[in-house]
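Coordinates from my_file-v9.cif are shown below (mmCIF, C-alpha atoms).
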data_target
#
loop_
_atom_site.label_atom_id
_atom_site.label_comp_id
_atom_site.auth_asym_id
_atom_site.auth_seq_id
_atom_site.Cartn_x
_atom_site.Cartn_y
_atom_site.Cartn_z
CA MET W 1 43.59 37.42 5.98
CA LYS W 2 45.35 35.52 8.75
CA PRO W 3 48.30 37.46 10.24
CA VAL W 4 51.76 36.11 9.42
CA TYR W 5 54.36 36.01 12.17
CA LEU W 6 58.07 35.28 11.91
CA SER W 7 57.61 32.00 13.76
CA ASP W 8 55.20 30.86 11.01
CA VAL W 9 57.69 31.21 8.16
CA ASP W 10 61.21 30.76 9.54
CA LYS W 11 61.21 26.97 9.34
CA GLY W 12 63.75 25.35 7.03
CA ARG W 13 65.71 27.01 4.24
CA ASP W 14 62.88 27.93 1.87
CA ASN W 15 63.40 31.68 2.06
CA ASN W 16 65.27 34.52 0.36
CA LEU W 17 68.04 34.97 2.92
CA ASN W 18 70.83 33.67 0.64
CA LEU W 19 69.69 35.99 -2.13
CA LEU W 20 69.59 38.99 0.21
CA ARG W 21 73.06 38.22 1.50
CA VAL W 22 74.58 37.92 -1.95
CA LEU W 23 72.93 41.23 -2.93
CA ALA W 24 74.33 42.80 0.24
CA ALA W 25 77.82 41.52 -0.61
CA ALA W 26 77.46 42.96 -4.11
CA GLY W 27 76.32 46.24 -2.57
CA VAL W 28 79.52 46.44 -0.51
CA LEU W 29 81.52 45.97 -3.71
CA VAL W 30 79.51 48.74 -5.42
CA SER W 31 79.98 51.08 -2.48
CA HIS W 32 83.74 50.52 -2.36
CA ALA W 33 84.13 51.21 -6.08
CA TRP W 34 84.16 54.96 -5.43
CA PRO W 35 86.96 55.16 -2.83
CA VAL W 36 88.97 52.47 -4.63
CA SER W 37 88.77 54.49 -7.84
CA THR W 38 89.14 58.01 -6.42
CA GLY W 39 91.09 57.56 -3.20
CA ASN W 40 88.41 59.36 -1.16
CA ILE W 41 87.33 56.89 1.54
CA THR W 42 84.27 58.97 2.48
CA GLN W 43 82.99 59.11 -1.10
CA GLN W 44 80.44 56.28 -1.12
CA PRO W 45 76.85 56.14 -2.41
CA LEU W 46 74.08 57.48 -0.11
CA ALA W 47 76.50 58.86 2.51
CA ASP W 48 75.47 62.48 1.88
CA ILE W 49 71.77 61.61 1.83
CA LEU W 50 71.56 59.45 4.96
CA HIS W 51 73.73 61.38 7.43
CA GLY W 52 76.84 59.28 6.79
CA ILE W 53 75.07 55.94 6.41
CA ASP W 54 76.47 54.89 3.06
CA LEU W 55 75.57 51.92 0.87
CA GLY W 56 78.38 49.82 2.35
CA ILE W 57 77.15 50.41 5.91
CA ILE W 58 73.61 49.51 4.87
CA CYS W 59 74.74 46.27 3.27
CA VAL W 60 76.96 45.26 6.19
CA SER W 61 74.07 46.03 8.55
CA ILE W 62 71.89 43.69 6.49
CA PHE W 63 74.49 40.96 7.05
CA PHE W 64 74.51 41.61 10.79
CA ALA W 65 70.71 41.72 11.15
CA ILE W 66 70.36 38.38 9.33
CA SER W 67 73.27 36.94 11.28
CA GLY W 68 71.73 37.97 14.61
CA TYR W 69 68.55 36.08 13.80
CA LEU W 70 70.22 32.97 12.38
CA ILE W 71 72.93 32.69 15.05
CA ALA W 72 70.34 32.99 17.82
CA GLN W 73 68.25 30.39 16.01
CA SER W 74 71.27 28.09 15.69
CA TYR W 75 72.07 28.29 19.40
CA ASP W 76 68.41 27.78 20.32
CA ARG W 77 68.22 24.60 18.22
CA ASP W 78 71.51 23.17 19.51
CA PRO W 79 72.92 24.85 22.64
CA ASN W 80 75.97 22.57 22.79
CA LEU W 81 78.83 25.09 22.88
CA LYS W 82 81.36 22.87 21.14
CA ARG W 83 79.05 22.14 18.21
CA PHE W 84 77.84 25.73 18.08
CA TRP W 85 81.33 27.20 17.88
CA LEU W 86 82.66 24.56 15.50
CA SER W 87 79.99 25.62 13.00
CA ARG W 88 80.89 29.29 13.42
CA ILE W 89 84.62 28.60 13.04
CA MET W 90 84.20 26.42 9.96
CA ARG W 91 82.00 29.05 8.35
CA ILE W 92 84.51 31.89 8.70
CA PHE W 93 88.09 30.69 8.95
CA PRO W 94 88.77 28.16 6.15
CA GLY W 95 87.64 30.59 3.44
CA LEU W 96 89.47 33.44 5.15
CA LEU W 97 92.71 31.48 5.31
CA VAL W 98 92.62 30.68 1.60
CA VAL W 99 92.04 34.30 0.53
CA LEU W 100 94.91 35.40 2.78
CA LEU W 101 97.25 32.78 1.33
CA ILE W 102 96.34 33.73 -2.24
CA THR W 103 96.74 37.42 -1.49
CA ALA W 104 100.06 37.17 0.30
CA LEU W 105 101.78 34.35 -1.58
CA VAL W 106 100.40 34.70 -5.12
CA LEU W 107 98.97 38.16 -5.78
CA GLY W 108 101.45 40.12 -3.66
CA PRO W 109 104.68 38.78 -5.19
CA ILE W 110 103.29 39.22 -8.72
CA ILE W 111 102.25 42.88 -8.49
CA THR W 112 104.57 44.33 -5.85
CA VAL W 113 106.81 47.21 -6.81
CA ALA W 114 109.13 46.25 -3.95
CA ASP W 115 111.50 43.32 -3.75
CA ILE W 116 109.63 39.99 -3.93
CA THR W 117 111.70 38.66 -1.04
CA ALA W 118 110.38 41.47 1.16
CA VAL W 119 106.80 40.44 0.37
CA LEU W 120 107.48 36.79 1.13
CA LEU W 121 109.17 37.68 4.41
CA ALA W 122 106.23 39.87 5.43
CA ALA W 123 103.63 37.32 4.31
CA PRO W 124 103.60 35.10 7.46
CA GLU W 125 102.87 38.05 9.75
CA TYR W 126 100.27 39.40 7.33
CA ILE W 127 98.50 36.02 7.18
CA LEU W 128 98.67 35.41 10.93
CA ARG W 129 97.46 38.85 11.98
CA ASN W 130 94.55 38.85 9.57
CA PHE W 131 93.64 35.23 10.29
CA THR W 132 93.33 35.97 14.00
CA LEU W 133 91.22 39.04 13.03
CA PHE W 134 91.92 41.16 16.09
CA SER W 135 95.16 42.75 14.91
CA LEU W 136 94.56 43.31 11.23
CA GLU W 137 97.36 44.20 8.83
CA GLN W 138 96.43 45.93 5.57
CA TYR W 139 99.85 46.23 3.96
CA LEU W 140 102.46 44.15 2.21
CA PRO W 141 105.64 45.79 0.87
CA GLY W 142 104.95 47.51 -2.45
CA VAL W 143 101.51 45.91 -2.99
CA PHE W 144 98.95 48.37 -4.39
CA LYS W 145 101.26 51.15 -3.25
CA GLY W 146 100.44 53.39 -6.24
CA ASN W 147 96.66 52.87 -6.03
CA PRO W 148 94.28 55.70 -5.05
CA VAL W 149 93.71 53.81 -1.78
CA GLY W 150 97.42 53.23 -1.47
CA GLY W 151 98.56 49.93 0.01
CA SER W 152 95.24 48.72 1.43
CA ILE W 153 94.67 45.09 0.52
CA ASN W 154 91.43 43.92 2.14
CA ILE W 155 89.72 46.57 4.26
CA PRO W 156 86.34 44.75 4.68
CA LEU W 157 87.93 42.10 6.89
CA TRP W 158 87.61 44.52 9.84
CA THR W 159 83.96 43.55 10.32
CA LEU W 160 84.71 39.86 10.92
CA SER W 161 86.17 40.36 14.40
CA HIS W 162 83.06 42.32 15.38
CA GLU W 163 80.88 39.52 14.07
CA LEU W 164 82.73 37.01 16.23
CA LEU W 165 82.21 39.23 19.27
CA CYS W 166 78.50 39.34 18.46
CA TYR W 167 78.53 35.53 18.44
CA PHE W 168 79.93 35.70 21.97
CA PHE W 169 77.02 37.96 22.94
CA VAL W 170 74.60 35.29 21.68
CA THR W 171 76.51 32.62 23.61
CA LEU W 172 76.18 34.61 26.83
CA LEU W 173 72.47 35.21 26.21
CA GLY W 174 71.98 31.53 25.46
CA VAL W 175 73.85 30.29 28.53
CA ALA W 176 71.82 32.71 30.65
CA GLY W 177 68.62 31.29 29.18
CA LEU W 178 67.47 34.61 27.73
CA LEU W 179 67.01 33.29 24.19
CA LYS W 180 64.12 31.20 25.51
CA THR W 181 62.69 33.92 27.76
CA PRO W 182 61.24 36.81 25.73
CA ARG W 183 60.42 39.01 28.72
CA LEU W 184 63.89 38.73 30.19
CA MET W 185 65.33 39.33 26.74
CA LEU W 186 63.69 42.75 26.80
CA PHE W 187 65.75 43.65 29.88
CA ALA W 188 68.90 42.44 28.10
CA TRP W 189 67.92 44.54 25.09
CA LEU W 190 67.41 47.62 27.25
CA ALA W 191 70.81 47.06 28.89
CA PHE W 192 72.37 46.81 25.44
CA VAL W 193 70.66 50.04 24.31
CA VAL W 194 72.02 51.88 27.35
CA ALA W 195 75.54 50.56 26.71
CA TYR W 196 75.17 51.40 23.02
CA ALA W 197 74.05 54.98 23.76
CA LEU W 198 76.87 55.57 26.24
CA THR W 199 79.43 54.22 23.78
CA LEU W 200 78.25 56.50 20.99
CA TYR W 201 78.04 59.48 23.33
CA TYR W 202 81.46 59.18 24.96
CA GLU W 203 83.25 57.49 22.03
CA PRO W 204 85.92 55.83 24.22
CA ILE W 205 87.84 54.17 21.37
CA PRO W 206 86.99 53.93 17.65
CA ARG W 207 86.99 50.11 17.70
CA LEU W 208 84.36 50.00 20.43
CA VAL W 209 82.21 52.56 18.62
CA ALA W 210 82.40 50.50 15.44
CA LEU W 211 81.43 47.37 17.38
CA ALA W 212 78.43 49.15 18.91
CA LYS W 213 77.19 50.34 15.52
CA LEU W 214 77.37 46.84 14.03
CA ALA W 215 76.02 45.17 17.15
CA PHE W 216 72.83 47.26 16.94
CA PRO W 217 71.36 45.58 13.81
CA PHE W 218 72.74 42.24 15.04
CA MET W 219 70.87 42.60 18.34
CA VAL W 220 67.72 43.66 16.47
CA GLY W 221 67.99 40.34 14.63
CA VAL W 222 68.43 38.48 17.94
CA LEU W 223 65.42 40.30 19.42
CA PHE W 224 63.31 39.45 16.38
CA PHE W 225 64.20 35.78 16.84
CA VAL W 226 63.38 35.69 20.54
CA TRP W 227 60.09 37.51 19.90
CA ARG W 228 59.40 35.73 16.60
CA GLU W 229 55.97 34.59 17.76
CA ARG W 230 54.96 38.24 18.23
CA VAL W 231 56.76 39.86 15.28
CA ARG W 232 54.11 40.21 12.61
CA LEU W 233 55.24 40.41 9.00
CA SER W 234 53.19 42.98 7.13
CA TRP W 235 53.91 45.23 4.18
CA GLY W 236 51.79 47.86 5.93
CA ILE W 237 54.03 47.79 9.00
CA GLY W 238 57.07 48.00 6.73
CA ALA W 239 55.63 51.07 4.99
CA ALA W 240 54.82 52.67 8.34
CA LEU W 241 58.39 52.15 9.52
CA ILE W 242 59.71 53.77 6.35
CA VAL W 243 57.46 56.78 6.92
CA LEU W 244 58.55 56.97 10.58
CA THR W 245 62.19 56.85 9.51
CA GLY W 246 61.56 59.76 7.14
CA LEU W 247 59.82 61.76 9.87
CA LEU W 248 62.79 61.24 12.19
CA TYR W 249 65.35 62.13 9.51
CA ASP W 250 66.80 65.05 11.48
CA SER W 251 66.47 63.50 14.94
CA ILE W 252 69.27 62.13 17.12
CA ILE W 253 67.82 58.61 16.80
CA PHE W 254 67.66 58.59 13.00
CA ARG W 255 70.42 55.97 12.70
CA GLU W 256 68.71 53.65 15.16
CA ILE W 257 65.22 53.87 13.66
CA PHE W 258 66.78 53.47 10.22
CA MET W 259 68.52 50.25 11.31
CA LEU W 260 65.37 48.93 12.97
CA SER W 261 63.33 49.63 9.85
CA LEU W 262 66.05 48.16 7.64
CA ALA W 263 66.09 44.93 9.64
CA TYR W 264 62.31 44.63 9.49
CA ILE W 265 62.26 45.20 5.71
CA VAL W 266 65.00 42.59 5.33
CA PHE W 267 62.89 39.96 7.08
CA LEU W 268 59.83 40.95 5.06
CA LEU W 269 61.80 40.36 1.86
CA ALA W 270 63.35 37.19 3.27
CA PHE W 271 60.14 35.39 4.12
CA LEU W 272 57.16 36.84 2.24
CA PRO W 273 58.00 36.88 -1.50
CA LYS W 274 57.60 33.36 -2.93
CA GLY W 275 57.63 31.77 -6.34
CA ARG W 276 60.54 31.82 -8.76
CA ILE W 277 62.61 34.09 -6.53
CA ARG W 278 63.08 31.12 -4.19
CA GLU W 279 64.83 29.20 -6.94
CA TYR W 280 68.01 31.07 -6.08
CA ASN W 281 68.41 28.64 -3.18
CA ARG W 282 69.40 25.98 -5.69
CA LEU W 283 72.69 27.83 -5.99
CA GLY W 284 75.32 28.11 -3.27
CA ASP W 285 75.81 30.74 -0.61
CA TYR W 286 78.28 32.97 -2.41
CA SER W 287 77.92 36.05 -0.21
CA TYR W 288 80.91 35.41 2.06
CA GLY W 289 83.19 34.69 -0.88
CA ILE W 290 82.17 37.88 -2.65
CA TYR W 291 82.72 39.81 0.56
CA ILE W 292 86.27 38.60 1.26
CA TYR W 293 87.50 38.60 -2.35
CA ALA W 294 85.90 41.78 -3.68
CA PHE W 295 88.22 44.44 -2.27
CA PRO W 296 91.56 42.94 -3.36
CA ILE W 297 90.04 42.33 -6.80
CA GLN W 298 88.81 45.93 -6.94
CA GLN W 299 92.28 47.09 -5.95
CA LEU W 300 93.72 44.91 -8.70
CA VAL W 301 91.36 46.56 -11.20
CA ALA W 302 92.44 49.98 -9.94
CA TYR W 303 96.08 48.84 -10.21
CA SER W 304 95.46 48.15 -13.91
CA GLY W 305 94.61 51.83 -14.38
CA VAL W 306 90.80 51.87 -14.07
CA THR W 307 89.71 55.08 -12.33
CA ASN W 308 86.00 55.03 -13.18
CA PRO W 309 83.84 53.53 -10.37
CA PHE W 310 81.29 52.06 -12.78
CA LEU W 311 84.01 50.40 -14.83
CA ASN W 312 85.57 49.11 -11.62
CA ILE W 313 82.25 47.47 -10.71
CA THR W 314 81.86 46.03 -14.21
CA CYS W 315 85.31 44.46 -14.12
CA ALA W 316 85.47 43.42 -10.46
CA PHE W 317 82.07 41.86 -9.84
CA PRO W 318 82.35 38.94 -12.30
CA LEU W 319 85.82 38.14 -10.96
CA ALA W 320 84.63 38.34 -7.36
CA LEU W 321 81.65 36.11 -8.14
CA PHE W 322 83.91 33.60 -9.87
CA CYS W 323 86.19 33.46 -6.82
CA ALA W 324 83.14 33.19 -4.54
CA VAL W 325 81.77 30.22 -6.48
CA LEU W 326 85.14 28.46 -6.24
CA SER W 327 85.46 29.34 -2.56
CA TRP W 328 81.99 28.00 -1.76
CA THR W 329 82.42 24.83 -3.81
CA ALA W 330 85.97 23.90 -2.82
CA ILE W 331 86.39 25.41 0.66
CA GLU W 332 83.30 26.70 2.46
CA LYS W 333 80.75 23.99 1.69
CA PRO W 334 83.16 21.10 2.49
CA SER W 335 84.18 22.85 5.72
CA LEU W 336 80.56 23.20 6.77
CA GLY W 337 80.11 19.55 5.85
CA ILE W 338 82.83 18.63 8.36
CA ALA W 339 81.02 20.57 11.08
CA ARG W 340 77.72 18.94 10.12
CA LYS W 341 79.20 15.43 10.27
CA TYR W 342 80.73 16.18 13.67
CA LYS W 343 77.32 17.31 14.93
CA GLN W 344 75.72 14.09 13.70
CA ARG W 345 78.40 11.90 15.32
CA SER W 346 78.25 13.85 18.55
CA ARG W 347 74.49 13.52 18.78
CA SER W 348 74.67 9.82 17.95
CA VAL W 349 77.18 9.22 20.75
CA ILE W 350 74.96 11.07 23.22
CA ALA W 351 71.88 9.15 22.06
CA THR W 352 73.60 5.77 22.64
CA LYS W 353 74.66 6.60 26.20
#
Go through the file and emit its structure as C-alpha cells.
Amino acid sequence: MKPVYLSDVDKGRDNNLNLLRVLAAAGVLVSHAWPVSTGNITQQPLADILHGIDLGIICVSIFFAISGYLIAQSYDRDPNLKRFWLSRIMRIFPGLLVVLLITALVLGPIITVADITAVLLAAPEYILRNFTLFSLEQYLPGVFKGNPVGGSINIPLWTLSHELLCYFFVTLLGVAGLLKTPRLMLFAWLAFVVAYALTLYYEPIPRLVALAKLAFPFMVGVLFFVWRERVRLSWGIGAALIVLTGLLYDSIIFREIFMLSLAYIVFLLAFLPKGRIREYNRLGDYSYGIYIYAFPIQQLVAYSGVTNPFLNITCAFPLALFCAVLSWTAIEKPSLGIARKYKQRSRSVIATK
C-alpha cells in the first residue's frame, strides 16, 4: 500500500477537523462539570491518572495542535500580514464581544444578588478587560457569588490570549521564511524546546508557564505543517507512539511525549477516516461557540442548584450547543465572510496593478 503523508491529504476542507474541534469543546465542558459542581478546581477527569493532565487540558491541547497546523497553513498560502491578521481577528473577537455583552448586560443583572446598578457600573470594565484578553476579569458584583466556584464567570477565556501569542510566533516564523524551509524550522523548533524546558524548570511567572505548556502542542502542529511532506500518517505509527507514551509514563518527559502522540493521533483521525463521518462538515463550526458559552452556562446550571456533574453536563451541553449554533450563524460566519471578501478585493486590486 502506498504511504500516506500529510501533504497528500491536507488539501481543502474534506477532513474531520471541525468534528474533532467540536468534540474537544464538548470535552472541556465535561471536564469543567466537576469543579463547577463541587468547587474543587483540581477535580477533573483523568488528572489523577495522567500526572495532572486532565481532560480539559487534553481537549485544549487538541485545539492548539490543530490551530498550529492550520494557522501555519494559512500564513503559507497568503503571507500578507494585513489579510492574515484580519482573518484571525474576525475569527476570535466578534463572537467574544457578543458573549461578553450578553454575560455582563443580560445575565449578570438578572441573577446578581448585589444591586443591579453595581453590575451595570462594573460591566464596561468587565467587557473591556476580557475583550482585550490580556487583563482578564472573572467577576461582576454578586454574579454566581454563591456557586461552588464562587464568582467565576468565564474561566476558559484565559487560553485565548495565549492563542493570539502563538499566532505572533507563526507570524515571526513566516516573516523569517522558516515556514517554507523545513531544515531551518528544525533549528527554530530546537530553540523553542530549549526555551520551553527553561520556562518549566525555573517557572518565572505562572502566565509564562501556562503559555509554554499550550505553545508546545501548537508548535508541534506548526512543525507537522512545515514537514508535512515527510510526516507519514499510519495507524501503526500511532500505536507505536501510544506504547512509547506508556513506557515513558514515569519519566520527566511524559507530558511532552504525551502531547506529541496526542497531536499525531489527532491528525490521523482528522485525515484518514472517510465516509459518512465527513458529512459533519455540512454543519457549521460550532466549537468556538461551545467553548466561550459553556462555562457561564454551566455556572448558571450550578446556580439553579445542580450539584451533580453528570446532571450539569446533561443540562449545560444542549444550551451551549444552541448558543454556539446561533453564534456561528449570526456572528462568526458573517464575520469570517467580511474577512474573506476583503481578501478577494485586496487580491483583485493587486492583480489589476
Determine the residue membership of the PyMOL selection byres ((chain W and resi 105) around 10) for the file above and supply it as a CSV table (one decimal) with C-alpha atoms, keeping the file's coordinate frame.
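Below is the file out.csv, written as the result:
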chain,number,residue,atom,x,y,z
W,99,VAL,CA,92.0,34.3,0.5
W,100,LEU,CA,94.9,35.4,2.8
W,101,LEU,CA,97.2,32.8,1.3
W,102,ILE,CA,96.3,33.7,-2.2
W,103,THR,CA,96.7,37.4,-1.5
W,104,ALA,CA,100.1,37.2,0.3
W,106,VAL,CA,100.4,34.7,-5.1
W,107,LEU,CA,99.0,38.2,-5.8
W,108,GLY,CA,101.4,40.1,-3.7
W,109,PRO,CA,104.7,38.8,-5.2
W,110,ILE,CA,103.3,39.2,-8.7
W,116,ILE,CA,109.6,40.0,-3.9
W,119,VAL,CA,106.8,40.4,0.4
W,120,LEU,CA,107.5,36.8,1.1
W,122,ALA,CA,106.2,39.9,5.4
W,123,ALA,CA,103.6,37.3,4.3
W,124,PRO,CA,103.6,35.1,7.5
W,127,ILE,CA,98.5,36.0,7.2
May I have the residues at most 10 Å from (75.3, 33.7, 13.4) in the file's coordinates, counting only C-alpha atoms, as an MDAnalysis selection string?
-> chainID W and resid 63:75 84:85 87:88 91 163:164 166:168 170 218 221:222
Residue nearest W:Leu179 among W:Leu208, W:Val231, W:Met219, W:Ala316 (counting only C-alpha atoms) |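 Ranked by minimum distance to W:Leu179, first place goes to W:Met219.
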Have a look at W:Pro334, W:Gly246, W:Pro309, W:Gly238 and name the one nearest to W:Gln43; count all atoms listed in the file.
->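 Closest candidate: W:Pro309.
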Could you tell me which residues the PyMOL selection byres ((chain W and resi 25) around 9) grabs in this file, written as number ranges by chain?
-> W: 20-24, 26-30, 56, 59-60, 63, 286-291, 294
What would the file look like if the residues just selected were written as a PDB file, in the coordinates of the input with C-alpha atoms?
ATOM      1  CA  LEU W  20      69.590  38.990   0.210  1.00  0.00           C
ATOM      2  CA  ARG W  21      73.060  38.220   1.500  1.00  0.00           C
ATOM      3  CA  VAL W  22      74.580  37.920  -1.950  1.00  0.00           C
ATOM      4  CA  LEU W  23      72.930  41.230  -2.930  1.00  0.00           C
ATOM      5  CA  ALA W  24      74.330  42.800   0.240  1.00  0.00           C
ATOM      6  CA  ALA W  26      77.460  42.960  -4.110  1.00  0.00           C
ATOM      7  CA  GLY W  27      76.320  46.240  -2.570  1.00  0.00           C
ATOM      8  CA  VAL W  28      79.520  46.440  -0.510  1.00  0.00           C
ATOM      9  CA  LEU W  29      81.520  45.970  -3.710  1.00  0.00           C
ATOM     10  CA  VAL W  30      79.510  48.740  -5.420  1.00  0.00           C
ATOM     11  CA  GLY W  56      78.380  49.820   2.350  1.00  0.00           C
ATOM     12  CA  CYS W  59      74.740  46.270   3.270  1.00  0.00           C
ATOM     13  CA  VAL W  60      76.960  45.260   6.190  1.00  0.00           C
ATOM     14  CA  PHE W  63      74.490  40.960   7.050  1.00  0.00           C
ATOM     15  CA  TYR W 286      78.280  32.970  -2.410  1.00  0.00           C
ATOM     16  CA  SER W 287      77.920  36.050  -0.210  1.00  0.00           C
ATOM     17  CA  TYR W 288      80.910  35.410   2.060  1.00  0.00           C
ATOM     18  CA  GLY W 289      83.190  34.690  -0.880  1.00  0.00           C
ATOM     19  CA  ILE W 290      82.170  37.880  -2.650  1.00  0.00           C
ATOM     20  CA  TYR W 291      82.720  39.810   0.560  1.00  0.00           C
ATOM     21  CA  ALA W 294      85.900  41.780  -3.680  1.00  0.00           C
TER      22      ALA W 294
END
Calculate how many Å separate atom CA of W:Ile153 from atom CA of W:Gln138, rounding to one decimal.
->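 Atom-to-atom, atom CA of W:Ile153 and atom CA of W:Gln138 are spaced 5.4 Å apart.
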Test item: which residues lie within 9 Å of (61.8, 35.5, 0.5) counting all atoms listed in the file, as a PDB file with C-alpha atoms, in the frame of the given file:
ATOM      1  CA  ASP W  14      62.880  27.930   1.870  1.00  0.00           C
ATOM      2  CA  ASN W  15      63.400  31.680   2.060  1.00  0.00           C
ATOM      3  CA  ASN W  16      65.270  34.520   0.360  1.00  0.00           C
ATOM      4  CA  LEU W  17      68.040  34.970   2.920  1.00  0.00           C
ATOM      5  CA  LEU W  19      69.690  35.990  -2.130  1.00  0.00           C
ATOM      6  CA  LEU W  20      69.590  38.990   0.210  1.00  0.00           C
ATOM      7  CA  PHE W 267      62.890  39.960   7.080  1.00  0.00           C
ATOM      8  CA  LEU W 268      59.830  40.950   5.060  1.00  0.00           C
ATOM      9  CA  LEU W 269      61.800  40.360   1.860  1.00  0.00           C
ATOM     10  CA  ALA W 270      63.350  37.190   3.270  1.00  0.00           C
ATOM     11  CA  PHE W 271      60.140  35.390   4.120  1.00  0.00           C
ATOM     12  CA  LEU W 272      57.160  36.840   2.240  1.00  0.00           C
ATOM     13  CA  PRO W 273      58.000  36.880  -1.500  1.00  0.00           C
ATOM     14  CA  LYS W 274      57.600  33.360  -2.930  1.00  0.00           C
ATOM     15  CA  GLY W 275      57.630  31.770  -6.340  1.00  0.00           C
ATOM     16  CA  ILE W 277      62.610  34.090  -6.530  1.00  0.00           C
ATOM     17  CA  ARG W 278      63.080  31.120  -4.190  1.00  0.00           C
TER      18      ARG W 278
END
Interatomic distance, atom CA of W:Asn147 to atom CA of W:Asn40 (Å, one decimal) =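 Result for atom CA of W:Asn147 versus atom CA of W:Asn40: 11.6 Å, one decimal.
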Identify all residues satisfying the PyMOL selection byres ((chain W and resi 146) around 12) in the given file; provide them as a PyMOL selection string.
-> chain W and resi 36-37+39+111-114+141-145+147-152+299-300+302-305
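Using all atoms listed in the file, the nearest neighbour of W:Val266 within the list W:Gly284, W:Pro3, W:Pro217, W:Gly236 is W:Pro217.
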Listed atoms of stretch 204-208 of chain W boxed axis-aligned with 8 Å per side, centre + edges as JSON:
{"center_x": 86.1, "center_y": 52.9, "center_z": 20.9, "size_x": 19.5, "size_y": 21.8, "size_z": 22.6}
Could you jot down the atom CA of W:His162 to atom CA of W:Ala210 separation for me, Å, one decimal place?
->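 It comes out at 8.2 Å.
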Polymer residues at most 12 Å from W:Ile53, all atoms listed in the file, same-chain spacing of 4 or more positions, as a ChimeraX atom specification | /W:31,42-49,57-61,213,249,254-256,258-259,262
Selected residue, from W:Pro182, W:Ile41, W:Pro318, W:Arg83, that lies nearest to W:Lys341 when counting only C-alpha atoms = W:Arg83
